[in-house]
Amino acid sequence: MQTALRTSLPETELASRANFAPHARVVREERPLHASGLPLSIRGLRKSFGDNEVLRGIDLHIPAGQFVAIVGKSGCGKSTLLRLIAGLEKIDAGSISFGQDIQPEDIRVMFQEPRLLPWARVLANVEVGLGRDRASGDAHARAEKALIEVGLADKRDQWPSVLSGGQKQRVALGRALVSRPRVLAFDEPLGALDALTRISMQRLLERVWRDQGFTAILVTHDVSEAVALADRVLVIEEGRIAHDVTVNAARPRQRGSAELAGLEGSILSHLLSADDRT
Ligand SMILES: Nc1ncnc2c1ncn2[C@@H]1O[C@H](COP(=O)(O)OP(=O)(O)OP(=O)(O)O)[C@@H](O)[C@H]1O
Ligand SMILES: [Mg+2]
């Protein structure tokens, strides 16, 4: 089986990369609604910036379709790990493989800032997520479908500037979903939202993940968000995965339940004890 390994790439939201299957211009069918997620295997992954050794040997297997949350103190390398997974940054050593060749549309990233194009209306902003399929005849229809999924069909002709912060993030989610990605990475996507909007976005993320079956990797500062959404929470410390916590709570989850609160407390105590050591 071929695996796809990383090469250096310029930054782009559309996680384009040089190492996808060589048959670039194959016209692709729209993915079925239940396209399966891709598994992810990371071996001995290292990354430094100058003298700053940020990731010091990450070993990780994520089964297809799993929802993984990554937590750790500020500057521990969470975003760096996500960017390496998404092909936005070059790895120094080790490998990241998806078990098969991948297409650019297979992996999408959603950031804390929605990063919408101010000169394009909502529908056109979602179409951007189609990448090279943007020119295809069904681009409008696919973008409309993604807008329906994120509950914003009525905003299709609006400019981004008139949307609320939560609505902008929904557009960003629609843009990430429109290509039916098989891995969706989120870097603090809800960090700038108020508490209520945040909870409603968390529910939306969980629903689209359940509907579409992609592999989800969520970087968050919010441990209660991590245990509410993820099957598994990884704690990064000193450049490695220090704790790998399984969240077995049944879905839909009861926010504030004793089970989730207990897990949250134990993960927080890991984080705080690591902080005490530095
Ligand atoms: N392009 C870069 N050039 C130089 N140093 C970088 C670069 N990107 C990240 N770093 C450094 O790598 C370390 C990890 O950064 P990263 O952004 O991955 O942390 P993080 O865990 O996402 O933090 P936060 O929770 O604050 O977002 C930091 O010390 C940061 O300064
Ligand atoms: Mg970060």
# chains A, B, ... in the order shown; residues from 1 in each chain; ligands from 1
>>> select_by_dssp(residues="range 102-166 of chain A", states="helix (DSSP H, G or I)", output="VMD selection string")
chain A and resid 104 to 106 122 to 135 139 to 149 153 to 155 160 to 162 165 to 166
>>> residues_near_ligand(ligand="ligand 2", cutoff="10 Å", atoms="only C-alpha atoms and all ligand atoms", output="JSON list (two decimals) with C-alpha atoms, in the first residue's frame")
[["chain", "number", "residue", "atom", "x", "y", "z"],
["A", 71, "VAL", "CA", -4.97, 20.22, 24.37],
["A", 72, "GLY", "CA", -1.83, 21.59, 25.99],
["A", 73, "LYS", "CA", -0.51, 24.82, 27.31],
["A", 74, "SER", "CA", 0.02, 27.78, 25.03],
["A", 75, "GLY", "CA", 3.08, 27.36, 22.82],
["A", 76, "CYS", "CA", 3.35, 23.57, 23.31],
["A", 77, "GLY", "CA", 3.02, 22.92, 19.58],
["A", 78, "LYS", "CA", -0.67, 22.17, 19.00],
["A", 79, "SER", "CA", -1.02, 24.42, 15.97],
["A", 80, "THR", "CA", 2.32, 23.24, 14.65],
["A", 81, "LEU", "CA", 1.14, 19.63, 14.82],
["A", 82, "LEU", "CA", -2.09, 20.52, 13.03],
["A", 83, "ARG", "CA", -0.24, 22.44, 10.34],
["A", 111, "PHE", "CA", -9.04, 28.35, 11.93],
["A", 112, "GLN", "CA", -10.11, 30.63, 14.75],
["A", 187, "ASP", "CA", -7.50, 25.09, 15.20],
["A", 188, "GLU", "CA", -9.43, 26.76, 18.03],
["A", 219, "VAL", "CA", -7.18, 21.84, 18.83],
["A", 220, "THR", "CA", -8.80, 23.66, 21.71],
["A", 221, "HIS", "CA", -7.94, 25.49, 24.93]]
>>> closest_residue(among="A:Leu196, A:Val54, A:Ala143, A:Ala69", to="ligand 1", atoms="only C-alpha atoms and all ligand atoms")
A:Val54
>>> closest_residue(among="A:Ile70, A:Ala249, A:Leu205, A:Ala86", to="Ile102 in chain A", atoms="only C-alpha atoms")
A:Ala86
>>> closest_residue(among="A:Gly166, A:Gly262, A:Gly239, A:Pro181", to="Arg56 in chain A", atoms="only C-alpha atoms")
A:Gly239
>>> closest_residue(among="A:Gly50, A:Gly37, A:Gly129, A:Gly94", to="ligand 1", atoms="only C-alpha atoms and all ligand atoms")
A:Gly50
>>> select_by_dssp(residues="range 39-273 of chain A", states="strand (DSSP E or B)", output="compact mmCIF listing (two decimals) with C-alpha atoms, in the first residue's frame")
# COMPACT_ATOMS: atom_id res chain seq x y z
CA LEU A 40 -3.75 8.82 10.28
CA SER A 41 -0.43 7.35 11.37
CA ILE A 42 2.27 9.59 12.75
CA ARG A 43 5.71 8.16 13.50
CA GLY A 44 8.62 9.90 15.18
CA LEU A 45 7.43 13.33 14.10
CA ARG A 46 9.83 16.17 14.93
CA LYS A 47 9.71 19.85 14.23
CA SER A 48 11.99 22.70 15.30
CA PHE A 49 12.04 26.39 14.56
CA ASN A 52 13.28 25.81 19.48
CA GLU A 53 12.54 22.09 19.38
CA VAL A 54 8.75 22.15 19.40
CA LEU A 55 7.75 18.56 18.59
CA ARG A 56 10.17 15.96 19.88
CA GLY A 57 8.86 12.68 18.61
CA ILE A 58 5.11 12.38 18.18
CA ASP A 59 3.80 8.85 17.68
CA LEU A 60 0.11 8.57 17.09
CA HIS A 61 -2.45 6.45 15.30
CA ILE A 62 -5.90 7.89 14.70
CA PHE A 67 -12.86 12.61 16.77
CA VAL A 68 -9.64 13.59 18.51
CA ALA A 69 -9.09 16.71 20.60
CA ILE A 70 -5.63 18.11 21.29
CA VAL A 71 -4.97 20.22 24.37
CA ALA A 93 11.86 14.08 10.74
CA GLY A 94 9.40 11.23 10.94
CA SER A 95 6.32 10.66 8.84
CA ILE A 96 2.62 11.28 8.58
CA SER A 97 0.64 8.86 6.46
CA ILE A 107 -7.97 17.49 4.11
CA ARG A 108 -9.32 20.82 5.23
CA VAL A 109 -8.45 23.16 8.09
CA MET A 110 -10.68 25.59 9.91
CA VAL A 183 -9.88 14.69 7.52
CA LEU A 184 -11.04 17.97 9.03
CA ALA A 185 -8.63 19.79 11.33
CA PHE A 186 -9.85 22.61 13.55
CA ASP A 187 -7.50 25.09 15.20
CA THR A 215 -11.75 12.11 10.87
CA ALA A 216 -11.82 15.17 13.13
CA ILE A 217 -8.82 16.74 14.86
CA LEU A 218 -9.74 19.61 17.12
CA VAL A 219 -7.18 21.84 18.83
CA ARG A 232 -10.18 10.87 22.71
CA VAL A 233 -8.23 13.77 24.19
CA LEU A 234 -4.47 14.08 23.69
CA VAL A 235 -2.42 16.22 26.05
CA ILE A 236 0.81 17.57 24.56
CA GLU A 237 3.66 18.35 26.92
CA ARG A 240 5.32 14.74 23.09
CA ILE A 241 1.93 13.21 23.74
CA ALA A 242 1.97 12.99 27.52
CA HIS A 243 -1.58 11.70 28.02
CA ASP A 244 -3.99 9.94 25.73
CA VAL A 245 -7.42 9.93 27.36
CA THR A 246 -10.37 7.97 25.96
>>> atom_distance(atom1="CA of Arg198 in chain A", atom2="CA of Ala228 in chain A")
12.1 Å
